[in-house]
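**Student:** Here you go, this is structure-v7.txt (compact mmCIF, C-alpha atoms).
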# COMPACT_ATOMS: atom_id res chain seq x y z
CA MET A 27 -75.46 10.50 -14.90
CA PRO A 28 -76.82 7.75 -17.09
CA LYS A 29 -78.00 10.32 -19.54
CA ASN A 30 -74.54 11.79 -19.70
CA LYS A 31 -73.03 8.38 -20.22
CA ASN A 32 -75.35 7.61 -23.05
CA ASN A 33 -74.46 10.86 -24.66
CA ASP A 34 -70.77 10.16 -24.46
CA LEU A 35 -71.23 6.65 -25.72
CA THR A 36 -73.09 7.84 -28.71
CA ASN A 37 -70.42 10.43 -29.31
CA VAL A 38 -67.73 7.84 -29.19
CA LYS A 39 -69.65 5.52 -31.40
CA THR A 40 -69.99 8.14 -34.02
CA ASN A 41 -66.27 8.57 -33.88
CA THR A 42 -65.20 5.73 -36.16
CA GLU A 43 -61.60 6.78 -36.60
CA ASN A 44 -59.90 4.66 -33.98
CA ASP A 45 -61.32 1.48 -32.50
CA VAL A 46 -58.75 1.20 -29.75
CA LYS A 47 -59.33 4.73 -28.66
CA LYS A 48 -63.01 4.06 -28.59
CA ASN A 49 -62.61 1.07 -26.33
CA LYS A 50 -60.39 3.06 -24.04
CA THR A 51 -62.84 5.86 -23.71
CA ILE A 52 -65.64 3.40 -23.05
CA ASN A 53 -63.61 1.81 -20.32
CA LYS A 54 -62.79 5.16 -18.83
CA GLU A 55 -66.38 6.20 -18.89
CA ASN A 56 -67.47 2.96 -17.30
CA LYS A 57 -64.98 3.48 -14.54
CA VAL A 58 -66.14 6.98 -14.03
CA THR A 59 -69.76 5.83 -13.79
CA GLU A 60 -68.93 3.01 -11.41
CA ASN A 61 -66.53 4.75 -9.06
CA VAL A 62 -67.61 8.33 -9.10
CA VAL A 63 -71.32 7.98 -9.10
CA LYS A 64 -71.68 10.20 -6.08
CA LYS A 65 -69.28 12.84 -7.39
CA GLU A 66 -70.55 16.06 -8.78
CA ASN A 67 -70.96 16.63 -12.46
CA SER A 68 -68.72 19.69 -12.48
CA LYS A 69 -65.68 17.73 -11.27
CA ASP A 70 -66.27 15.11 -13.90
CA THR A 71 -66.37 17.60 -16.64
CA ASN A 72 -63.17 19.25 -15.34
CA LYS A 73 -61.30 15.98 -15.64
CA GLU A 74 -62.62 15.46 -19.08
CA ALA A 75 -61.40 18.88 -20.08
CA LYS A 76 -57.92 18.18 -18.80
CA LYS A 77 -57.74 14.91 -20.67
CA GLU A 78 -58.84 16.68 -23.77
CA GLU A 79 -56.03 19.20 -23.31
CA ASN A 80 -53.45 16.46 -22.92
CA LYS A 81 -54.71 14.69 -25.96
CA SER A 82 -54.58 17.87 -27.90
CA PHE A 83 -50.94 18.40 -26.83
CA PHE A 84 -49.97 14.93 -27.98
CA LYS A 85 -51.85 15.48 -31.16
CA SER A 86 -50.54 18.98 -31.70
CA GLU A 87 -48.51 19.65 -34.79
CA LYS A 88 -45.48 20.88 -32.83
CA TYR A 89 -45.21 17.65 -30.92
CA LEU A 90 -45.70 15.50 -33.95
CA LYS A 91 -43.05 17.42 -35.83
CA PHE A 92 -40.65 17.07 -32.96
CA LYS A 93 -41.41 13.37 -32.74
CA ALA A 94 -40.81 12.92 -36.41
CA LYS A 95 -37.57 14.84 -36.18
CA VAL A 96 -36.34 12.68 -33.30
CA LYS A 97 -37.38 9.54 -35.12
CA ASN A 98 -35.60 10.67 -38.23
CA PHE A 99 -32.49 11.51 -36.25
CA MET A 100 -32.54 8.18 -34.45
CA GLU A 101 -32.95 6.24 -37.68
CA LYS A 102 -30.36 8.24 -39.55
CA ASN A 103 -27.67 7.73 -36.92
CA SER A 104 -28.91 4.30 -35.80
CA VAL A 105 -28.98 5.50 -32.21
CA ALA A 106 -30.67 2.33 -30.97
CA THR A 107 -27.93 0.07 -32.33
CA TYR A 108 -25.15 2.19 -30.91
CA SER A 109 -26.97 2.46 -27.60
CA THR A 110 -27.20 -1.31 -27.25
CA ILE A 111 -23.54 -1.65 -28.16
CA GLY A 112 -22.83 1.16 -25.71
CA ILE A 113 -24.71 -0.62 -22.94
CA THR A 114 -22.71 -3.78 -23.47
CA LEU A 115 -19.47 -1.85 -23.51
CA PHE A 116 -20.69 -0.04 -20.42
CA PHE A 117 -20.89 -3.33 -18.56
CA LEU A 118 -17.56 -4.41 -19.98
CA SER A 119 -15.84 -1.21 -18.86
CA ILE A 120 -17.37 -1.46 -15.40
CA ILE A 121 -16.06 -4.95 -14.75
CA LEU A 122 -12.76 -4.21 -16.49
CA THR A 123 -11.95 -1.16 -14.37
CA ALA A 124 -13.27 -2.77 -11.19
CA GLN A 125 -11.12 -5.82 -11.84
CA VAL A 126 -8.00 -3.84 -12.65
CA LYS A 127 -8.52 -1.66 -9.61
CA SER A 128 -9.10 -4.50 -7.19
CA ILE A 129 -6.17 -6.50 -8.58
CA SER A 130 -3.81 -3.57 -8.21
CA ASN A 131 -5.15 -2.93 -4.72
CA THR A 132 -4.57 -6.44 -3.42
CA GLU A 133 -1.13 -7.00 -2.01
CA GLU A 134 1.46 -8.64 -4.17
CA VAL A 135 1.93 -11.28 -1.53
CA LEU A 136 -1.57 -12.55 -2.20
CA GLN A 137 -1.15 -12.81 -5.94
CA GLY A 138 -0.39 -16.21 -7.33
CA LYS A 139 -1.20 -18.02 -4.13
CA ARG A 140 -3.76 -20.75 -4.00
CA GLU A 141 -6.71 -20.68 -1.73
CA GLU A 142 -5.50 -23.45 0.56
CA GLN A 143 -2.16 -21.74 0.98
CA LEU A 144 -3.87 -18.51 1.83
CA ALA A 145 -6.12 -20.32 4.28
CA ASN A 146 -3.07 -21.83 5.97
CA ASP A 147 -1.38 -18.46 6.11
CA TYR A 148 -4.51 -17.00 7.54
CA VAL A 149 -4.73 -19.63 10.25
CA ASN A 150 -1.08 -19.14 11.15
CA LEU A 151 -1.46 -15.41 11.30
CA GLN A 152 -4.55 -15.81 13.40
CA ARG A 153 -2.62 -18.00 15.83
CA GLU A 154 0.23 -15.52 15.92
CA TYR A 155 -2.23 -12.76 16.50
CA ASP A 156 -3.78 -14.65 19.39
CA ASP A 157 -0.38 -15.26 20.95
CA LEU A 158 0.59 -11.64 20.59
CA LYS A 159 -2.73 -10.57 21.95
CA SER A 160 -2.34 -12.69 25.09
CA LYS A 161 1.19 -11.35 25.50
CA TYR A 162 -0.11 -7.85 25.03
CA GLU A 163 -2.72 -8.44 27.68
CA GLU A 164 -0.08 -9.76 30.09
CA ASN A 165 2.07 -6.74 29.45
CA GLN A 166 -0.93 -4.53 29.84
CA LYS A 167 -1.40 -6.01 33.31
CA VAL A 168 2.24 -5.35 34.14
CA VAL A 169 1.87 -1.77 32.97
CA GLU A 170 -1.19 -1.39 35.13
CA GLU A 171 0.71 -2.73 38.09
CA TYR A 172 3.48 -0.28 37.44
CA GLN A 173 1.00 2.51 37.14
CA THR A 174 -0.61 1.62 40.45
CA ASN A 175 2.79 1.51 42.05
CA ALA A 176 3.84 4.78 40.48
CA ALA A 177 4.95 6.33 43.75
CA SER A 178 7.24 3.46 44.67
CA ASN A 179 8.45 3.36 41.10
CA ASP A 180 9.54 6.96 41.31
CA SER A 181 11.85 6.18 44.18
CA LEU A 182 13.03 3.09 42.31
CA ILE A 183 13.81 5.20 39.26
CA ALA A 184 15.68 7.71 41.36
CA SER A 185 17.81 5.00 42.93
CA MET A 186 18.38 3.48 39.51
CA LYS A 187 19.51 6.86 38.20
CA THR A 188 22.05 7.27 40.96
CA GLN A 189 23.18 3.71 40.35
CA ILE A 190 23.58 4.43 36.66
CA SER A 191 25.65 7.54 37.32
CA GLN A 192 27.90 5.65 39.73
CA LEU A 193 28.31 2.80 37.29
CA SER A 194 29.09 5.18 34.46
CA ILE A 195 31.85 6.73 36.60
CA LEU A 196 33.26 3.27 37.24
CA ALA A 197 32.95 2.32 33.60
CA GLY A 198 34.65 5.51 32.57
CA SER A 199 31.90 6.75 30.28
CA THR A 200 31.75 10.29 31.73
CA ASP A 201 34.19 13.15 32.14
CA LEU A 202 35.01 13.71 35.79
CA THR A 203 36.33 16.48 37.95
CA GLY A 204 37.41 16.41 41.55
CA GLU A 205 40.32 16.64 43.92
CA GLY A 206 43.21 14.30 43.50
CA ILE A 207 46.86 14.04 42.54
CA ILE A 208 48.88 14.24 39.35
CA ILE A 209 52.00 12.10 39.05
CA THR A 210 54.47 12.88 36.29
CA LEU A 211 57.05 10.35 35.24
CA ASN A 212 59.90 11.04 32.87
CA ASP A 213 62.92 9.13 31.70
CA GLY A 214 65.96 9.74 33.86
CA GLU A 215 69.16 11.14 32.32
CA SER A 216 71.41 8.33 33.39
CA VAL A 217 71.33 6.53 30.07
CA LYS A 218 74.95 5.62 29.51
CA ASP A 219 75.03 2.25 27.85
CA PRO A 220 72.27 1.83 25.25
CA GLU A 221 72.70 -1.97 25.16
CA GLU A 222 72.02 -2.33 28.83
CA ARG A 223 68.42 -2.27 29.91
CA SER A 224 68.20 0.96 31.78
CA ASP A 225 66.06 1.21 34.86
CA ALA A 226 66.03 4.97 34.49
CA ILE A 227 63.67 4.66 31.53
CA VAL A 228 59.98 4.49 32.43
CA HIS A 229 58.82 0.97 31.69
CA ASP A 230 55.29 -0.38 31.43
CA SER A 231 55.77 -2.20 34.71
CA ASP A 232 56.48 1.11 36.43
CA LEU A 233 53.22 2.55 35.17
CA ILE A 234 51.35 -0.60 36.21
CA THR A 235 52.79 -0.40 39.67
CA VAL A 236 51.85 3.25 40.04
CA VAL A 237 48.32 2.67 38.78
CA ASN A 238 47.90 -0.36 41.00
CA GLU A 239 49.16 1.58 44.00
CA LEU A 240 46.71 4.39 43.25
CA LYS A 241 43.84 1.90 43.10
CA VAL A 242 44.88 0.45 46.41
CA ALA A 243 44.94 3.94 47.87
CA GLY A 244 41.30 4.39 46.87
CA ALA A 245 41.51 6.36 43.64
CA GLU A 246 38.10 6.56 42.03
CA ALA A 247 39.26 7.37 38.53
CA ILE A 248 42.68 7.16 36.93
CA SER A 249 44.03 8.25 33.58
CA VAL A 250 47.44 7.90 31.96
CA ASN A 251 48.17 10.67 29.44
CA ASP A 252 44.41 11.26 29.21
CA GLN A 253 43.76 7.57 28.60
CA ARG A 254 41.13 6.57 31.10
CA ILE A 255 41.94 3.38 32.99
CA ILE A 256 38.89 1.15 33.04
CA SER A 257 38.34 -2.48 33.95
CA THR A 258 39.61 -3.76 30.62
CA SER A 259 42.46 -1.31 30.21
CA ALA A 260 45.89 -2.75 29.60
CA ILE A 261 49.30 -1.15 29.93
CA ARG A 262 51.98 -2.77 27.87
CA CYS A 263 55.31 -2.04 26.32
CA VAL A 264 55.26 -1.71 22.54
CA GLY A 265 58.80 -1.15 21.33
CA PRO A 266 60.05 2.24 22.48
CA VAL A 267 56.60 3.44 23.62
CA ILE A 268 53.90 2.20 25.94
CA GLN A 269 50.42 1.23 24.89
CA VAL A 270 47.50 2.22 27.08
CA ASN A 271 43.98 1.32 25.95
CA GLU A 272 45.36 0.40 22.53
CA LYS A 273 46.73 3.94 22.19
CA LYS A 274 50.46 4.53 22.16
CA VAL A 275 51.74 7.02 24.69
CA ALA A 276 55.29 8.19 25.31
CA ALA A 277 57.20 9.91 28.06
CA PRO A 278 56.59 12.18 29.87
CA PHE A 279 53.73 10.32 31.45
CA GLU A 280 51.10 12.15 33.42
CA ILE A 281 48.97 10.00 35.66
CA LYS A 282 45.89 11.69 37.07
CA ALA A 283 43.88 10.19 39.88
CA ILE A 284 40.72 11.47 41.52
CA GLY A 285 40.16 10.53 45.12
CA ASN A 286 41.04 11.70 48.60
CA ALA A 287 44.11 13.75 47.65
CA GLN A 288 45.75 13.45 51.03
CA TYR A 289 45.46 9.67 51.17
CA LEU A 290 46.64 9.32 47.61
CA GLU A 291 49.65 11.56 48.08
CA SER A 292 50.73 9.90 51.26
CA ALA A 293 50.25 6.46 49.73
CA MET A 294 52.56 7.47 46.90
CA ASN A 295 55.19 9.11 49.02
CA ILE A 296 55.30 6.46 51.68
CA LYS A 297 58.79 5.32 52.57
CA ASN A 298 59.99 2.48 50.34
CA GLY A 299 56.80 3.08 48.36
CA VAL A 300 56.46 3.38 44.60
CA VAL A 301 57.85 6.87 44.26
CA ASP A 302 60.77 6.09 46.46
CA MET A 303 61.56 2.92 44.51
CA LEU A 304 61.31 4.61 41.10
CA LYS A 305 63.47 7.49 42.30
CA GLN A 306 66.11 4.99 43.28
CA TYR A 307 65.98 3.53 39.78
CA GLY A 308 66.67 7.00 38.45
CA VAL A 309 63.22 7.79 37.04
CA ASP A 310 62.25 11.43 37.17
CA ILE A 311 59.02 11.30 39.19
CA SER A 312 57.01 13.98 40.95
CA VAL A 313 53.67 14.01 42.77
CA ARG A 314 51.51 17.06 43.25
CA ARG A 315 48.11 17.60 44.80
CA GLU A 316 45.38 19.50 43.01
CA ASP A 317 41.91 20.52 44.02
CA ASN A 318 40.38 20.36 40.60
CA ILE A 319 41.55 17.59 38.33
CA GLU A 320 39.76 16.82 35.09
CA ILE A 321 39.75 13.26 33.85
CA LYS A 322 38.36 12.57 30.41
CA LYS A 323 36.06 9.70 29.65
CA PHE A 324 37.14 6.51 27.96
CA ASP A 325 37.17 7.17 24.23
CA GLY A 326 37.75 3.72 22.80
CA THR A 327 35.28 1.11 21.75
CA ARG A 328 34.03 -1.57 24.06
CA GLU A 329 32.18 -4.27 22.24
CA LEU A 330 31.36 -7.28 24.30
CA LYS A 331 31.04 -10.33 22.10
CA TYR A 332 31.37 -13.27 24.40
CA SER A 333 30.19 -12.32 27.84
CA ILE A 334 26.47 -12.70 28.37
CA PRO A 335 24.85 -11.68 31.64
CA LYS A 336 23.48 -14.71 33.41
CA GLU A 337 19.79 -14.29 33.96
CA ASP A 338 18.16 -15.52 37.13
CA MET B 22 -20.11 10.18 -35.38
CA VAL B 23 -23.11 10.35 -33.08
CA GLY B 24 -22.89 6.61 -32.60
CA ILE B 25 -19.25 6.80 -31.53
CA LEU B 26 -20.12 9.60 -29.12
CA ILE B 27 -22.92 7.53 -27.60
CA VAL B 28 -20.65 4.52 -27.18
CA LEU B 29 -17.90 6.70 -25.71
CA ALA B 30 -20.33 8.24 -23.22
CA PHE B 31 -21.40 4.79 -22.08
CA VAL B 32 -17.79 3.65 -21.74
CA VAL B 33 -16.80 6.75 -19.75
CA VAL B 34 -19.74 6.32 -17.38
CA GLY B 35 -18.86 2.65 -17.04
CA VAL B 36 -15.25 3.44 -16.18
CA LEU B 37 -16.34 6.01 -13.61
CA ILE B 38 -18.69 3.52 -11.98
CA GLY B 39 -16.10 0.77 -12.17
CA LEU B 40 -13.59 2.91 -10.31
CA ASN B 41 -15.94 2.96 -7.34
CA VAL B 42 -16.69 -0.75 -7.38
CA ALA B 43 -14.42 -3.13 -5.51
CA VAL B 44 -14.31 -6.79 -6.52
CA PRO B 45 -13.55 -9.16 -3.62
CA TYR B 46 -10.36 -11.06 -4.33
CA ILE B 47 -12.11 -14.46 -4.44
CA TYR B 48 -14.23 -13.35 -7.38
CA THR B 49 -11.45 -11.76 -9.45
CA GLN B 50 -10.83 -15.08 -11.21
CA TYR B 51 -14.44 -15.27 -12.38
CA ILE B 52 -14.49 -11.65 -13.41
CA ALA B 53 -11.28 -12.07 -15.37
CA VAL B 54 -12.77 -14.90 -17.40
CA ALA B 55 -15.98 -12.93 -17.90
CA ILE B 56 -13.95 -9.97 -19.16
CA LEU B 57 -12.17 -12.23 -21.64
CA ALA B 58 -15.50 -13.58 -22.87
CA CYS B 59 -16.90 -10.07 -23.28
CA LEU B 60 -13.80 -8.86 -25.11
CA ASP B 61 -14.07 -11.88 -27.37
CA SER B 62 -17.67 -10.97 -28.17
CA VAL B 63 -16.76 -7.35 -28.87
CA PHE B 64 -13.97 -8.23 -31.24
CA GLY B 65 -16.16 -10.89 -32.79
CA ALA B 66 -18.66 -8.13 -33.42
CA PHE B 67 -15.97 -6.03 -35.08
CA THR B 68 -15.05 -8.91 -37.34
CA ALA B 69 -18.66 -9.59 -38.21
CA ASN B 70 -19.23 -5.91 -38.94
CA ILE B 71 -16.32 -5.83 -41.34
CA GLU B 72 -17.57 -8.96 -43.03
CA LYS B 73 -21.10 -7.41 -43.09
CA LYS B 74 -22.51 -10.26 -41.08
CA PHE B 75 -23.17 -8.34 -37.86
CA ARG B 76 -26.45 -9.12 -36.13
CA MET B 77 -27.40 -7.40 -32.92
CA ASN B 78 -29.19 -10.35 -31.32
CA ILE B 79 -26.23 -12.64 -31.89
CA PHE B 80 -23.89 -10.03 -30.44
CA LEU B 81 -26.00 -9.43 -27.34
CA SER B 82 -26.63 -13.08 -26.61
CA GLY B 83 -22.96 -13.86 -27.17
CA PHE B 84 -21.82 -11.01 -24.98
CA PHE B 85 -23.86 -11.93 -21.92
CA GLY B 86 -24.20 -15.67 -22.60
CA ASN B 87 -20.50 -16.28 -23.09
CA ALA B 88 -19.62 -14.36 -19.96
CA LEU B 89 -22.15 -16.27 -17.86
CA ILE B 90 -21.12 -19.65 -19.26
CA ALA B 91 -17.46 -18.86 -18.69
CA ILE B 92 -18.16 -17.90 -15.09
CA PHE B 93 -20.20 -21.06 -14.64
CA LEU B 94 -17.38 -23.19 -16.07
CA VAL B 95 -14.85 -21.66 -13.74
CA PHE B 96 -17.21 -22.21 -10.84
CA ILE B 97 -17.61 -25.88 -11.73
CA GLY B 98 -13.84 -26.16 -12.20
CA ASN B 99 -13.28 -24.80 -8.71
CA LYS B 100 -15.79 -27.30 -7.32
CA LEU B 101 -14.06 -30.19 -9.13
CA ASN B 102 -10.57 -28.87 -8.30
CA VAL B 103 -9.73 -28.50 -11.99
CA ASP B 104 -8.26 -25.24 -13.21
CA MET B 105 -11.06 -24.82 -15.72
CA TYR B 106 -10.40 -21.12 -16.08
CA LEU B 107 -7.26 -22.02 -17.97
CA ALA B 108 -9.40 -23.64 -20.64
CA ALA B 109 -11.60 -20.55 -20.82
CA VAL B 110 -8.55 -18.30 -21.00
CA ILE B 111 -6.96 -20.34 -23.78
CA VAL B 112 -10.15 -20.58 -25.83
CA PHE B 113 -11.11 -16.95 -25.52
CA THR B 114 -7.61 -15.70 -26.15
CA GLY B 115 -7.35 -17.89 -29.20
CA ARG B 116 -10.62 -16.55 -30.51
CA LEU B 117 -9.52 -13.01 -29.77
CA LEU B 118 -6.38 -13.55 -31.80
CA ASN B 119 -8.40 -15.13 -34.62
CA ASN B 120 -10.69 -12.12 -34.64
CA PHE B 121 -7.71 -9.81 -34.80
CA THR B 122 -6.38 -11.81 -37.70
CA ALA B 123 -9.69 -11.60 -39.52
CA ILE B 124 -9.90 -7.83 -38.97
CA ARG B 125 -6.34 -7.36 -40.14
CA ARG B 126 -6.82 -9.51 -43.22
CA ASN B 127 -10.00 -7.72 -44.17
CA LEU B 128 -8.47 -4.28 -43.77
CA LEU B 129 -5.38 -5.22 -45.77
CA GLN B 130 -7.52 -6.87 -48.44
CA LYS B 131 -9.63 -3.74 -48.75
CA ARG B 132 -6.54 -1.58 -49.10
CA SER B 133 -4.97 -3.75 -51.78
CA ASN B 134 -8.31 -3.87 -53.62
CA ASP B 135 -8.50 -0.09 -53.53
CA ASP B 136 -4.97 0.16 -54.90
CA LYS B 137 -5.82 -2.26 -57.70
CA ASN B 138 -8.95 -0.34 -58.57
CA LYS B 139 -6.96 2.88 -58.72
CA GLU B 140 -4.40 1.28 -60.99
CA ILE B 141 -7.09 -0.08 -63.26
CA LYS B 142 -8.76 3.31 -63.39
CA GLU B 143 -5.47 4.99 -64.21
CA GLU B 144 -4.79 2.46 -66.90
CA VAL B 145 -8.20 3.02 -68.36
CA VAL B 146 -7.69 6.77 -68.28
CA ASN B 147 -4.28 6.41 -69.89
CA SER B 148 -5.57 4.15 -72.64
CA GLU B 149 -8.39 6.55 -73.34
CA LYS B 150 -5.88 9.30 -73.75
Show how you would write the structure in this file as structure tokens.
**Tutor:**
Amino acid sequence: MPKNKNNDLTNVKTNTENDVKKNKTINKENKVTENVVKKENSKDTNKEAKKEENKSFFKSEKYLKFKAKVKNFMEKNSVATYSTIGITLFFLSIILTAQVKSISNTEEVLQGKREEQLANDYVNLQREYDDLKSKYEENQKVVEEYQTNAASNDSLIASMKTQISQLSILAGSTDLTGEGIIITLNDGESVKDPEERSDAIVHDSDLITVVNELKVAGAEAISVNDQRIISTSAIRCVGPVIQVNEKKVAAPFEIKAIGNAQYLESAMNIKNGVVDMLKQYGVDISVRREDNIEIKKFDGTRELKYSIPKED
Amino acid sequence: MVGILIVLAFVVVGVLIGLNVAVPYIYTQYIAVAILACLDSVFGAFTANIEKKFRMNIFLSGFFGNALIAIFLVFIGNKLNVDMYLAAVIVFTGRLLNNFTAIRRNLLQKRSNDDKNKEIKEEVVNSEK
């Protein structure tokens, strides 16, 4: 080894072209001698050969030409200058686009608000959120309770459904069919003196009496000329015609009532009853039983503005 | 031509990266001022280039230094509860406008000079005839 080293050293020394190179090679050789003392000579020489090859590539004419070309190109087009400008513009475009994007992404509500305001809003929202969350949890508990009592709830729902259907019949919001009676009223022909108020004409009071009598007799649903009588229905004289449920109806009147037909008929035809009385006045009135009467639902509007259910 | 291509490539890459970067809303104020400072430097560079006074080191230091100082000022303003960014905005916008003015003046001056030269040349040609 030392012989080899000496040889190399002398070689390098003779090579007076490049001082730096010389120093480098000396260093390398020193390292080799220090670290790889135990290594075989053949390996050492292999490494040397490789280095030589590399050096030769970097020294080769092709590479140098290429390098010169690149250098020429760079200088001619001042690539370095434009690259530095490009890098700065690169940063500028990054922050510009990021800024524009994040500004357009943030909600408009946030824009133009100061930090304290936003902090306040945030606190308020947080509080609201907490409230809602506790409410949600309460409701969640209720839901759970309901779920555990599902069986009993089913029966409850069924009873509620039947209740709803009954109430809708009473409220007049469904078409109905069933047995009952139909009463027809028409003006009598005994109109002789137009100035005198004739009893033979069907008045609103007559209709009211009939309807009232039907209710007493247990009619479940009543309609006058297809106007369903509900809890707020009114029957009133408007000039020559009669107004039922804000609709004007005229003779002949047809009053339908669903209920126990026998009871209803007998209640109407009772002696000194409504029918009897109206017949005496001269009104053309007839009562007939039917097995299948159709009564239409209430078709007006019912907006309740003032009555509020009292809660327990 | 190559230079413009290089710059364009950088800008395109920057835009693509910027599209994937989200700035938290708190920092948008700082970034806005920094953008103004950078734009000011860029247009300052344009002006200097037209006036043949462009120097790379001045441009670079101005570009990054101005942005950092502007951000720092805004930061201090926020700490002191003074809307310092307004000052930065006003100053940088004013300088931007001044730069625009300088660029415009220079370009117009060049054009009118060219016209004059042409006229002189024509006159000379005519007189020679």
**Student:** In Å, rounded to a single decimal, give me how far CA of Gly214 in chain A is from CA of Gly308 in chain A.
**Tutor:**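 Straight-line distance from CA of Gly308 in chain A to CA of Gly214 in chain A works out to 5.4 Å.
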**Student:** Just need the residues of chain A within 7 Å of chain B, counting only C-alpha atoms, so spit them out as a list in words.
**Tutor:**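 Result: Asn103, Val105, Tyr108, Ser109, Ile111, Gly112, Ile113, Leu115, Phe116, Phe117, Leu118, Ser119, Ile120, Ile121, Leu122, Thr123, Ala124, Gln125, Lys127 and Ser128 of chain A.
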**Student:** How about saving the chosen residues, C-alpha atoms kept, as a PDB file, keeping the file's coordinate frame?
**Tutor:**
ATOM      1  CA  ASN A 103     -27.670   7.730 -36.920  1.00  0.00           C
ATOM      2  CA  VAL A 105     -28.980   5.500 -32.210  1.00  0.00           C
ATOM      3  CA  TYR A 108     -25.150   2.190 -30.910  1.00  0.00           C
ATOM      4  CA  SER A 109     -26.970   2.460 -27.600  1.00  0.00           C
ATOM      5  CA  ILE A 111     -23.540  -1.650 -28.160  1.00  0.00           C
ATOM      6  CA  GLY A 112     -22.830   1.160 -25.710  1.00  0.00           C
ATOM      7  CA  ILE A 113     -24.710  -0.620 -22.940  1.00  0.00           C
ATOM      8  CA  LEU A 115     -19.470  -1.850 -23.510  1.00  0.00           C
ATOM      9  CA  PHE A 116     -20.690  -0.040 -20.420  1.00  0.00           C
ATOM     10  CA  PHE A 117     -20.890  -3.330 -18.560  1.00  0.00           C
ATOM     11  CA  LEU A 118     -17.560  -4.410 -19.980  1.00  0.00           C
ATOM     12  CA  SER A 119     -15.840  -1.210 -18.860  1.00  0.00           C
ATOM     13  CA  ILE A 120     -17.370  -1.460 -15.400  1.00  0.00           C
ATOM     14  CA  ILE A 121     -16.060  -4.950 -14.750  1.00  0.00           C
ATOM     15  CA  LEU A 122     -12.760  -4.210 -16.490  1.00  0.00           C
ATOM     16  CA  THR A 123     -11.950  -1.160 -14.370  1.00  0.00           C
ATOM     17  CA  ALA A 124     -13.270  -2.770 -11.190  1.00  0.00           C
ATOM     18  CA  GLN A 125     -11.120  -5.820 -11.840  1.00  0.00           C
ATOM     19  CA  LYS A 127      -8.520  -1.660  -9.610  1.00  0.00           C
ATOM     20  CA  SER A 128      -9.100  -4.500  -7.190  1.00  0.00           C
TER      21      SER A 128
END
**Student:** Kindly give the distance, in Å, that separates CA of Asn295 in chain A and CA of Ala276 in chain A, rounded to a single decimal.
**Tutor:**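 Calculated distance between CA of Asn295 in chain A and CA of Ala276 in chain A is 23.7 Å.
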**Student:** Quick one, how far is CA of Leu144 in chain A from CA of Tyr106 in chain B?
**Tutor:** 19.2 Å
**Student:** The centre and edge lengths of an axis-aligned box containing all atoms of range 42-56 of chain B present in the file, extended by 6 Å on each side, are to be given in Å to one decimal, as JSON.
**Tutor:**
{"center_x": -13.5, "center_y": -8.0, "center_z": -11.4, "size_x": 18.3, "size_y": 26.5, "size_z": 27.5}
